[in-house]
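The file coords_39.txt comes next; it holds compact mmCIF, N, CA and C atoms.
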# COMPACT_ATOMS: atom_id res chain seq x y z
N TYR A 1 0.83 -1.20 0.00
CA TYR A 1 0.00 0.00 0.00
C TYR A 1 0.87 1.25 0.00
N LYS A 2 1.90 1.28 0.83
CA LYS A 2 2.79 2.44 0.89
C LYS A 2 3.53 2.63 -0.43
N LEU A 3 3.92 1.52 -1.06
CA LEU A 3 4.59 1.61 -2.35
C LEU A 3 3.66 2.20 -3.40
N MET A 4 2.40 1.84 -3.37
CA MET A 4 1.42 2.42 -4.30
C MET A 4 1.27 3.91 -4.07
N GLN A 5 1.33 4.35 -2.82
CA GLN A 5 1.25 5.78 -2.53
C GLN A 5 2.46 6.51 -3.09
N VAL A 6 3.63 5.91 -2.98
CA VAL A 6 4.83 6.54 -3.51
C VAL A 6 4.72 6.70 -5.01
N PHE A 7 4.24 5.67 -5.71
CA PHE A 7 4.16 5.74 -7.16
C PHE A 7 2.98 6.56 -7.65
N SER A 8 2.13 7.04 -6.75
CA SER A 8 1.07 7.96 -7.16
C SER A 8 1.49 9.42 -6.94
N LEU A 9 2.70 9.63 -6.42
CA LEU A 9 3.22 10.99 -6.24
C LEU A 9 3.56 11.60 -7.59
N PRO A 10 3.66 12.93 -7.65
CA PRO A 10 4.16 13.55 -8.88
C PRO A 10 5.60 13.13 -9.14
N THR A 11 6.12 13.48 -10.29
CA THR A 11 7.47 13.04 -10.69
C THR A 11 8.53 13.41 -9.67
N TYR A 12 8.51 14.64 -9.19
CA TYR A 12 9.55 15.04 -8.23
C TYR A 12 9.44 14.24 -6.93
N GLY A 13 8.24 13.84 -6.54
CA GLY A 13 8.07 13.02 -5.35
C GLY A 13 8.65 11.63 -5.54
N LYS A 14 8.48 11.09 -6.73
CA LYS A 14 9.05 9.77 -7.03
C LYS A 14 10.57 9.83 -7.02
N ILE A 15 11.13 10.89 -7.59
CA ILE A 15 12.58 11.04 -7.62
C ILE A 15 13.11 11.20 -6.20
N MET A 16 12.40 11.95 -5.37
CA MET A 16 12.82 12.10 -3.97
C MET A 16 12.75 10.77 -3.24
N ALA A 17 11.76 9.94 -3.54
CA ALA A 17 11.65 8.62 -2.91
C ALA A 17 12.83 7.73 -3.33
N ILE A 18 13.23 7.82 -4.59
CA ILE A 18 14.38 7.05 -5.05
C ILE A 18 15.64 7.53 -4.36
N MET A 19 15.76 8.85 -4.19
CA MET A 19 16.92 9.39 -3.47
C MET A 19 16.91 8.99 -2.01
N ALA A 20 15.71 8.85 -1.44
CA ALA A 20 15.61 8.42 -0.04
C ALA A 20 16.13 7.01 0.14
N VAL A 21 16.16 6.24 -0.94
CA VAL A 21 16.75 4.91 -0.89
C VAL A 21 18.24 4.98 -1.24
N GLY A 22 18.59 5.82 -2.20
CA GLY A 22 19.97 5.90 -2.68
C GLY A 22 20.94 6.49 -1.68
N VAL A 23 20.52 7.53 -0.97
CA VAL A 23 21.44 8.17 -0.01
C VAL A 23 21.82 7.22 1.13
N PRO A 24 20.84 6.55 1.76
CA PRO A 24 21.26 5.58 2.80
C PRO A 24 22.11 4.44 2.23
N LEU A 25 21.87 4.11 0.96
CA LEU A 25 22.68 3.07 0.32
C LEU A 25 24.14 3.51 0.24
N VAL A 26 24.37 4.77 -0.06
CA VAL A 26 25.74 5.29 -0.11
C VAL A 26 26.38 5.17 1.27
N PHE A 27 25.67 5.57 2.31
CA PHE A 27 26.25 5.53 3.65
C PHE A 27 26.41 4.11 4.17
N ALA A 28 25.48 3.22 3.84
CA ALA A 28 25.64 1.82 4.25
C ALA A 28 26.84 1.19 3.54
N GLY A 29 26.97 1.48 2.24
CA GLY A 29 28.13 0.97 1.50
C GLY A 29 29.42 1.57 2.01
N ALA A 30 29.39 2.86 2.36
CA ALA A 30 30.58 3.51 2.90
C ALA A 30 30.98 2.91 4.24
N TYR A 31 30.00 2.58 5.07
CA TYR A 31 30.30 1.96 6.36
C TYR A 31 30.96 0.60 6.15
N ALA A 32 30.38 -0.20 5.23
CA ALA A 32 30.96 -1.53 4.97
C ALA A 32 32.36 -1.39 4.35
N TYR A 33 32.51 -0.44 3.45
CA TYR A 33 33.82 -0.22 2.82
C TYR A 33 34.85 0.24 3.86
N LYS A 34 34.43 1.12 4.74
CA LYS A 34 35.32 1.62 5.80
C LYS A 34 35.78 0.49 6.71
N ARG A 35 34.84 -0.42 7.03
CA ARG A 35 35.20 -1.55 7.89
C ARG A 35 36.19 -2.49 7.21
N CYS A 36 36.08 -2.62 5.88
CA CYS A 36 36.98 -3.52 5.14
C CYS A 36 38.36 -2.92 4.92
N THR A 37 38.44 -1.60 4.81
CA THR A 37 39.70 -1.00 4.38
C THR A 37 40.31 -0.05 5.40
N ASP A 38 39.64 0.26 6.46
CA ASP A 38 40.10 1.26 7.44
C ASP A 38 40.30 2.63 6.79
N ALA A 39 39.51 2.94 5.76
CA ALA A 39 39.58 4.25 5.11
C ALA A 39 38.88 5.29 5.98
N GLU A 40 39.19 6.55 5.75
CA GLU A 40 38.50 7.64 6.43
C GLU A 40 37.07 7.72 5.90
N TRP A 41 36.17 8.32 6.72
CA TRP A 41 34.76 8.41 6.33
C TRP A 41 34.59 9.13 5.01
N GLY A 42 35.26 10.26 4.85
CA GLY A 42 35.12 11.03 3.60
C GLY A 42 35.53 10.23 2.38
N GLU A 43 36.65 9.53 2.51
CA GLU A 43 37.14 8.71 1.41
C GLU A 43 36.17 7.56 1.11
N ALA A 44 35.66 6.93 2.17
CA ALA A 44 34.74 5.81 1.99
C ALA A 44 33.43 6.26 1.34
N VAL A 45 32.91 7.41 1.77
CA VAL A 45 31.66 7.92 1.19
C VAL A 45 31.87 8.28 -0.28
N LEU A 46 32.98 8.96 -0.58
CA LEU A 46 33.25 9.32 -1.97
C LEU A 46 33.43 8.09 -2.85
N LYS A 47 34.18 7.13 -2.39
CA LYS A 47 34.41 5.91 -3.18
C LYS A 47 33.09 5.19 -3.44
N THR A 48 32.27 5.08 -2.42
CA THR A 48 30.98 4.42 -2.58
C THR A 48 30.07 5.21 -3.52
N TYR A 49 30.07 6.53 -3.37
CA TYR A 49 29.26 7.38 -4.25
C TYR A 49 29.72 7.23 -5.70
N TYR A 50 31.03 7.23 -5.92
CA TYR A 50 31.55 7.10 -7.27
C TYR A 50 31.17 5.76 -7.88
N VAL A 51 31.24 4.71 -7.11
CA VAL A 51 30.88 3.38 -7.63
C VAL A 51 29.37 3.29 -7.85
N LEU A 52 28.61 3.84 -6.91
CA LEU A 52 27.14 3.79 -7.03
C LEU A 52 26.67 4.51 -8.28
N ASN A 53 27.29 5.63 -8.60
CA ASN A 53 26.86 6.43 -9.75
C ASN A 53 27.72 6.20 -10.99
N ASN A 54 28.60 5.21 -10.92
CA ASN A 54 29.44 4.82 -12.06
C ASN A 54 30.19 6.03 -12.64
N VAL A 55 30.80 6.79 -11.75
CA VAL A 55 31.57 7.96 -12.15
C VAL A 55 32.82 7.49 -12.90
N PRO A 56 33.12 8.11 -14.05
CA PRO A 56 34.32 7.71 -14.78
C PRO A 56 35.56 7.84 -13.90
N GLY A 57 36.38 6.85 -13.93
CA GLY A 57 37.60 6.83 -13.12
C GLY A 57 37.43 6.09 -11.80
N ALA A 58 36.21 5.69 -11.47
CA ALA A 58 36.00 4.92 -10.24
C ALA A 58 36.47 3.49 -10.50
N ASP A 59 37.61 3.17 -9.97
CA ASP A 59 38.24 1.88 -10.23
C ASP A 59 38.26 1.05 -8.96
N ILE A 60 37.78 -0.19 -9.07
CA ILE A 60 37.80 -1.07 -7.89
C ILE A 60 38.80 -2.21 -8.06
N SER A 61 39.56 -2.19 -9.15
CA SER A 61 40.47 -3.30 -9.40
C SER A 61 41.65 -3.33 -8.44
N ASP A 62 41.94 -2.18 -7.80
CA ASP A 62 43.07 -2.17 -6.88
C ASP A 62 42.66 -2.46 -5.43
N GLU A 63 41.43 -2.86 -5.20
CA GLU A 63 40.93 -3.15 -3.85
C GLU A 63 41.18 -4.61 -3.51
N ASP A 64 41.18 -4.91 -2.20
CA ASP A 64 41.31 -6.30 -1.78
C ASP A 64 39.96 -7.00 -1.91
N GLY A 65 39.90 -8.27 -1.59
CA GLY A 65 38.71 -9.10 -1.82
C GLY A 65 37.44 -8.59 -1.16
N ASN A 66 37.48 -8.27 0.14
CA ASN A 66 36.27 -7.83 0.84
C ASN A 66 35.79 -6.47 0.34
N ALA A 67 36.71 -5.55 0.15
CA ALA A 67 36.34 -4.22 -0.33
C ALA A 67 35.78 -4.31 -1.74
N ARG A 68 36.37 -5.16 -2.58
CA ARG A 68 35.88 -5.34 -3.94
C ARG A 68 34.47 -5.93 -3.92
N LEU A 69 34.22 -6.87 -3.01
CA LEU A 69 32.88 -7.45 -2.88
C LEU A 69 31.86 -6.38 -2.47
N VAL A 70 32.21 -5.56 -1.49
CA VAL A 70 31.31 -4.49 -1.04
C VAL A 70 31.01 -3.54 -2.19
N LEU A 71 32.05 -3.11 -2.92
CA LEU A 71 31.85 -2.16 -4.00
C LEU A 71 31.07 -2.78 -5.16
N ASN A 72 31.25 -4.07 -5.40
CA ASN A 72 30.44 -4.74 -6.43
C ASN A 72 28.98 -4.80 -6.03
N LEU A 73 28.71 -5.08 -4.75
CA LEU A 73 27.32 -5.08 -4.28
C LEU A 73 26.70 -3.69 -4.39
N VAL A 74 27.48 -2.67 -4.08
CA VAL A 74 26.99 -1.30 -4.24
C VAL A 74 26.68 -1.02 -5.70
N HIS A 75 27.54 -1.47 -6.60
CA HIS A 75 27.31 -1.25 -8.03
C HIS A 75 26.05 -1.98 -8.50
N ILE A 76 25.85 -3.20 -8.05
CA ILE A 76 24.64 -3.94 -8.42
C ILE A 76 23.40 -3.23 -7.92
N ALA A 77 23.46 -2.70 -6.70
CA ALA A 77 22.33 -1.93 -6.17
C ALA A 77 22.10 -0.67 -7.01
N SER A 78 23.19 -0.09 -7.51
CA SER A 78 23.04 1.12 -8.34
C SER A 78 22.33 0.80 -9.65
N LEU A 79 22.55 -0.40 -10.18
CA LEU A 79 21.85 -0.78 -11.41
C LEU A 79 20.34 -0.84 -11.18
N PHE A 80 19.95 -1.36 -10.03
CA PHE A 80 18.52 -1.42 -9.72
C PHE A 80 17.93 -0.02 -9.51
N THR A 81 18.64 0.84 -8.78
CA THR A 81 18.10 2.18 -8.55
C THR A 81 18.04 2.97 -9.86
N PHE A 82 19.04 2.80 -10.73
CA PHE A 82 19.00 3.49 -12.02
C PHE A 82 17.86 2.96 -12.89
N ALA A 83 17.65 1.64 -12.87
CA ALA A 83 16.56 1.05 -13.65
C ALA A 83 15.21 1.57 -13.16
N ILE A 84 15.06 1.70 -11.86
CA ILE A 84 13.80 2.23 -11.31
C ILE A 84 13.62 3.68 -11.72
N LEU A 85 14.68 4.46 -11.67
CA LEU A 85 14.60 5.87 -12.07
C LEU A 85 14.22 5.99 -13.54
N VAL A 86 14.85 5.22 -14.40
CA VAL A 86 14.52 5.25 -15.83
C VAL A 86 13.07 4.82 -16.05
N GLY A 87 12.65 3.78 -15.34
CA GLY A 87 11.27 3.33 -15.47
C GLY A 87 10.27 4.38 -15.05
N VAL A 88 10.55 5.06 -13.94
CA VAL A 88 9.63 6.11 -13.45
C VAL A 88 9.55 7.25 -14.46
N LEU A 89 10.70 7.70 -14.95
CA LEU A 89 10.70 8.81 -15.91
C LEU A 89 10.05 8.41 -17.23
N THR A 90 10.30 7.19 -17.68
CA THR A 90 9.68 6.71 -18.91
C THR A 90 8.16 6.65 -18.76
N GLU A 91 7.70 6.17 -17.63
CA GLU A 91 6.26 6.09 -17.38
C GLU A 91 5.63 7.48 -17.34
N GLU A 92 6.31 8.43 -16.73
CA GLU A 92 5.79 9.80 -16.66
C GLU A 92 5.71 10.42 -18.06
N ILE A 93 6.73 10.21 -18.87
CA ILE A 93 6.72 10.75 -20.23
C ILE A 93 5.62 10.08 -21.04
N GLY A 94 5.49 8.76 -20.90
CA GLY A 94 4.43 8.03 -21.60
C GLY A 94 3.05 8.50 -21.19
N ALA A 95 2.86 8.74 -19.91
CA ALA A 95 1.55 9.22 -19.44
C ALA A 95 1.26 10.62 -19.99
N GLY A 96 2.30 11.46 -20.06
CA GLY A 96 2.10 12.80 -20.62
C GLY A 96 1.75 12.76 -22.09
N VAL A 97 2.43 11.89 -22.85
CA VAL A 97 2.13 11.75 -24.28
C VAL A 97 0.71 11.20 -24.46
N GLU A 98 0.33 10.23 -23.66
CA GLU A 98 -1.01 9.65 -23.76
C GLU A 98 -2.09 10.68 -23.41
N ALA A 99 -1.82 11.48 -22.40
CA ALA A 99 -2.78 12.53 -22.03
C ALA A 99 -2.92 13.55 -23.15
N ALA A 100 -1.81 13.87 -23.81
CA ALA A 100 -1.88 14.82 -24.93
C ALA A 100 -2.65 14.22 -26.10
N ARG A 101 -2.43 12.94 -26.36
CA ARG A 101 -3.16 12.29 -27.45
C ARG A 101 -4.65 12.22 -27.18
N ALA A 102 -5.00 11.95 -25.94
CA ALA A 102 -6.41 11.81 -25.57
C ALA A 102 -7.07 13.18 -25.37
N GLY A 103 -6.27 14.23 -25.32
CA GLY A 103 -6.84 15.56 -25.10
C GLY A 103 -7.15 15.83 -23.65
N ASN A 104 -6.55 15.05 -22.75
CA ASN A 104 -6.79 15.22 -21.32
C ASN A 104 -5.74 16.13 -20.70
N PHE A 105 -5.75 17.37 -21.08
CA PHE A 105 -4.84 18.33 -20.48
C PHE A 105 -5.61 19.62 -20.26
N PRO A 106 -5.22 20.37 -19.25
CA PRO A 106 -5.98 21.57 -18.91
C PRO A 106 -5.85 22.66 -19.97
N LEU A 107 -6.96 23.30 -20.23
CA LEU A 107 -6.99 24.44 -21.14
C LEU A 107 -7.42 25.67 -20.36
N PRO A 108 -6.89 26.82 -20.72
CA PRO A 108 -7.36 28.03 -20.05
C PRO A 108 -8.82 28.29 -20.42
N GLU A 109 -9.60 28.64 -19.43
CA GLU A 109 -11.03 28.86 -19.67
C GLU A 109 -11.36 30.32 -19.88
N ALA A 110 -10.36 31.18 -19.80
CA ALA A 110 -10.57 32.60 -20.01
C ALA A 110 -9.34 33.18 -20.69
N GLY A 111 -9.53 34.33 -21.32
CA GLY A 111 -8.40 35.00 -21.92
C GLY A 111 -8.02 34.49 -23.30
N HIS A 112 -8.92 33.79 -23.95
CA HIS A 112 -8.63 33.35 -25.31
C HIS A 112 -9.91 33.45 -26.14
N THR A 113 -9.74 33.41 -27.43
CA THR A 113 -10.87 33.50 -28.35
C THR A 113 -10.83 32.30 -29.27
N VAL A 114 -11.95 31.67 -29.44
CA VAL A 114 -12.05 30.52 -30.33
C VAL A 114 -12.89 30.94 -31.53
N LEU A 115 -12.36 30.73 -32.71
CA LEU A 115 -13.06 31.07 -33.94
C LEU A 115 -13.23 29.78 -34.72
N LEU A 116 -14.45 29.36 -34.87
CA LEU A 116 -14.74 28.10 -35.56
C LEU A 116 -15.13 28.39 -37.00
N GLY A 117 -14.60 27.62 -37.90
CA GLY A 117 -14.92 27.75 -39.32
C GLY A 117 -14.06 28.79 -39.99
N TRP A 118 -13.63 28.48 -41.18
CA TRP A 118 -12.79 29.40 -41.94
C TRP A 118 -13.52 29.74 -43.22
N GLY A 119 -13.56 31.02 -43.51
CA GLY A 119 -14.25 31.45 -44.72
C GLY A 119 -13.60 32.71 -45.27
N ALA A 120 -14.26 33.28 -46.23
CA ALA A 120 -13.72 34.47 -46.90
C ALA A 120 -13.64 35.65 -45.94
N ARG A 121 -14.54 35.72 -44.96
CA ARG A 121 -14.56 36.85 -44.03
C ARG A 121 -13.67 36.65 -42.79
N THR A 122 -13.03 35.52 -42.65
CA THR A 122 -12.24 35.23 -41.45
C THR A 122 -11.13 36.25 -41.20
N PRO A 123 -10.33 36.64 -42.20
CA PRO A 123 -9.29 37.65 -41.93
C PRO A 123 -9.88 38.97 -41.41
N THR A 124 -11.02 39.36 -41.93
CA THR A 124 -11.67 40.59 -41.46
C THR A 124 -12.12 40.43 -40.02
N VAL A 125 -12.69 39.30 -39.69
CA VAL A 125 -13.15 39.04 -38.32
C VAL A 125 -11.95 39.04 -37.37
N LEU A 126 -10.85 38.41 -37.78
CA LEU A 126 -9.65 38.39 -36.93
C LEU A 126 -9.11 39.80 -36.70
N ARG A 127 -9.08 40.63 -37.74
CA ARG A 127 -8.63 42.02 -37.56
C ARG A 127 -9.54 42.77 -36.60
N GLU A 128 -10.84 42.55 -36.67
CA GLU A 128 -11.77 43.22 -35.77
C GLU A 128 -11.58 42.75 -34.33
N ILE A 129 -11.31 41.46 -34.15
CA ILE A 129 -11.07 40.93 -32.80
C ILE A 129 -9.79 41.54 -32.23
N LEU A 130 -8.73 41.62 -33.05
CA LEU A 130 -7.47 42.22 -32.59
C LEU A 130 -7.67 43.69 -32.24
N GLU A 131 -8.42 44.42 -33.06
CA GLU A 131 -8.67 45.83 -32.77
C GLU A 131 -9.46 45.99 -31.48
N ALA A 132 -10.43 45.13 -31.24
CA ALA A 132 -11.23 45.18 -30.02
C ALA A 132 -10.36 44.89 -28.79
N GLN A 133 -9.45 43.93 -28.92
CA GLN A 133 -8.56 43.62 -27.81
C GLN A 133 -7.59 44.76 -27.52
N ARG A 134 -7.10 45.40 -28.57
CA ARG A 134 -6.20 46.54 -28.36
C ARG A 134 -6.91 47.70 -27.68
N GLU A 135 -8.17 47.93 -28.04
CA GLU A 135 -8.94 49.00 -27.41
C GLU A 135 -9.20 48.70 -25.95
N ARG A 136 -9.41 47.43 -25.62
CA ARG A 136 -9.60 47.03 -24.22
C ARG A 136 -8.29 47.01 -23.44
N GLY A 137 -7.18 47.01 -24.16
CA GLY A 137 -5.88 46.94 -23.51
C GLY A 137 -5.43 45.53 -23.25
N ALA A 138 -6.10 44.54 -23.85
CA ALA A 138 -5.76 43.15 -23.63
C ALA A 138 -4.56 42.72 -24.44
N GLY A 139 -4.27 43.40 -25.53
CA GLY A 139 -3.16 42.98 -26.39
C GLY A 139 -3.49 41.72 -27.14
N CYS A 140 -2.49 41.13 -27.81
CA CYS A 140 -2.76 39.88 -28.52
C CYS A 140 -1.93 38.76 -28.00

Could you spell out this file's structure in structure tokens?
Amino acid sequence: YKLMQVFSLPTYGKIMAIMAVGVPLVFAGAYAYKRCTDAEWGEAVLKTYYVLNNVPGADISDEDGNARLVLNLVHIASLFTFAILVGVLTEEIGAGVEAARAGNFPLPEAGHTVLLGWGARTPTVLREILEAQRERGAGC
């Protein structure tokens, strides 16, 4: 039920929910990495962040077995979080395109003029509408 509530949030709410999972993942990975390597907190957090986000130059080949295992698990978790992020954004874009196709989007109910039908007198009618708007101070 709670997961359904999260996915009914607007796009920014969904992204924040993904970040609410990703940030603790960085710190949990940093804690495990720190325990394996006796690195400083700042170094451990940066290394985990770089691996989680696949930053160019983030190399784990020079790590020992336990640290390499921790960083690989962090990387695997990053694949899942990235896949969820891509899925959420793709779904939002798809829903927006579908709403546009179906005509389910808000239209302003005031401040516009609708002219139905085109005929020989349409340019004259449009000029008269523009002149009336200028006299009212509405502009075009």

- Query: Could you name the residues that touch segment 74-90 of chain A at 12 Å or less, counting only C-alpha atoms, but leaving out those on the same chain fewer than 4 positions away, as a ChimeraX atom specification?
  - Reply: /A:6-33,45,47-55,58-60,67-70,94-97

- Message: As an exercise, work out the distance from atom C of Leu73 of chain A to atom CA of Thr37 of chain A in Å and give it to one decimal place.
- Response: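 Answer for the atom C of Leu73 of chain A to atom CA of Thr37 of chain A separation: 15.9 Å.
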
- Quick one, how far is atom C of Glu135 of chain A from atom CA of Pro106 of chain A?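 One can read the atom C of Glu135 of chain A to atom CA of Pro106 of chain A distance as 28.2 Å.
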
- Message: Can you measure atom CA of Arg136 of chain A to atom CA of Thr124 of chain A for me? One decimal in Å is fine.
- Response: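 Between these atoms lies a distance of 18.5 Å.
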
- Task: Pick out the closest residue to His112 of chain A from this set: A:Gln133, A:Glu92, A:Asn72, A:Cys36. Count only C-alpha atoms.
- Result: A:Gln133

- Task: Pull the alpha helix (DSSP H) assignments for segment 21-140 of chain A out of DSSP run on the backbone, and list those residues as a VMD selection string.
- Result: chain A and resid 21 to 37 41 to 52 65 to 102 122 to 136

Because some atoms of segment 103-126 of chain A are absent here, can you restore N, CA, C and O atoms and send them as a compact mmCIF listing (two decimals), in the frame of the given file?
# COMPACT_ATOMS: atom_id res chain seq x y z
N GLY A 103 -6.27 14.23 -25.32
CA GLY A 103 -6.84 15.56 -25.10
C GLY A 103 -7.15 15.83 -23.65
O GLY A 103 -7.92 16.72 -23.33
N ASN A 104 -6.55 15.05 -22.75
CA ASN A 104 -6.79 15.22 -21.32
C ASN A 104 -5.74 16.13 -20.70
O ASN A 104 -4.92 15.71 -19.92
N PHE A 105 -5.75 17.37 -21.08
CA PHE A 105 -4.84 18.33 -20.48
C PHE A 105 -5.61 19.62 -20.26
O PHE A 105 -6.57 19.92 -20.96
N PRO A 106 -5.22 20.37 -19.25
CA PRO A 106 -5.98 21.57 -18.91
C PRO A 106 -5.85 22.66 -19.97
O PRO A 106 -4.79 22.85 -20.55
N LEU A 107 -6.96 23.30 -20.23
CA LEU A 107 -6.99 24.44 -21.14
C LEU A 107 -7.42 25.67 -20.36
O LEU A 107 -8.27 25.58 -19.48
N PRO A 108 -6.89 26.82 -20.72
CA PRO A 108 -7.36 28.03 -20.05
C PRO A 108 -8.82 28.29 -20.42
O PRO A 108 -9.20 28.16 -21.58
N GLU A 109 -9.60 28.64 -19.43
CA GLU A 109 -11.03 28.86 -19.67
C GLU A 109 -11.36 30.32 -19.88
O GLU A 109 -12.50 30.68 -20.10
N ALA A 110 -10.36 31.18 -19.80
CA ALA A 110 -10.57 32.60 -20.01
C ALA A 110 -9.34 33.18 -20.69
O ALA A 110 -8.25 32.60 -20.65
N GLY A 111 -9.53 34.33 -21.32
CA GLY A 111 -8.40 35.00 -21.92
C GLY A 111 -8.02 34.49 -23.30
O GLY A 111 -6.92 34.74 -23.76
N HIS A 112 -8.92 33.79 -23.95
CA HIS A 112 -8.63 33.35 -25.31
C HIS A 112 -9.91 33.45 -26.14
O HIS A 112 -11.01 33.55 -25.60
N THR A 113 -9.74 33.41 -27.43
CA THR A 113 -10.87 33.50 -28.35
C THR A 113 -10.83 32.30 -29.27
O THR A 113 -9.77 31.96 -29.81
N VAL A 114 -11.95 31.67 -29.44
CA VAL A 114 -12.05 30.52 -30.33
C VAL A 114 -12.89 30.94 -31.53
O VAL A 114 -14.00 31.46 -31.39
N LEU A 115 -12.36 30.73 -32.71
CA LEU A 115 -13.06 31.07 -33.94
C LEU A 115 -13.23 29.78 -34.72
O LEU A 115 -12.25 29.17 -35.15
N LEU A 116 -14.45 29.36 -34.87
CA LEU A 116 -14.74 28.10 -35.56
C LEU A 116 -15.13 28.39 -37.00
O LEU A 116 -15.92 29.28 -37.27
N GLY A 117 -14.60 27.62 -37.90
CA GLY A 117 -14.92 27.75 -39.32
C GLY A 117 -14.06 28.79 -39.99
O GLY A 117 -13.76 29.84 -39.44
N TRP A 118 -13.63 28.48 -41.18
CA TRP A 118 -12.79 29.40 -41.94
C TRP A 118 -13.52 29.74 -43.22
O TRP A 118 -14.07 28.87 -43.89
N GLY A 119 -13.56 31.02 -43.51
CA GLY A 119 -14.25 31.45 -44.72
C GLY A 119 -13.60 32.71 -45.27
O GLY A 119 -12.54 33.15 -44.81
N ALA A 120 -14.26 33.28 -46.23
CA ALA A 120 -13.72 34.47 -46.90
C ALA A 120 -13.64 35.65 -45.94
O ALA A 120 -12.77 36.52 -46.08
N ARG A 121 -14.54 35.72 -44.96
CA ARG A 121 -14.56 36.85 -44.03
C ARG A 121 -13.67 36.65 -42.79
O ARG A 121 -13.55 37.56 -41.98
N THR A 122 -13.03 35.52 -42.65
CA THR A 122 -12.24 35.23 -41.45
C THR A 122 -11.13 36.25 -41.20
O THR A 122 -10.98 36.71 -40.07
N PRO A 123 -10.33 36.64 -42.20
CA PRO A 123 -9.29 37.65 -41.93
C PRO A 123 -9.88 38.97 -41.41
O PRO A 123 -9.31 39.58 -40.51
N THR A 124 -11.02 39.36 -41.93
CA THR A 124 -11.67 40.59 -41.46
C THR A 124 -12.12 40.43 -40.02
O THR A 124 -11.92 41.33 -39.19
N VAL A 125 -12.69 39.30 -39.69
CA VAL A 125 -13.15 39.04 -38.32
C VAL A 125 -11.95 39.04 -37.37
O VAL A 125 -12.02 39.61 -36.27
N LEU A 126 -10.85 38.41 -37.78
CA LEU A 126 -9.65 38.39 -36.93
C LEU A 126 -9.11 39.80 -36.70
O LEU A 126 -8.71 40.14 -35.57
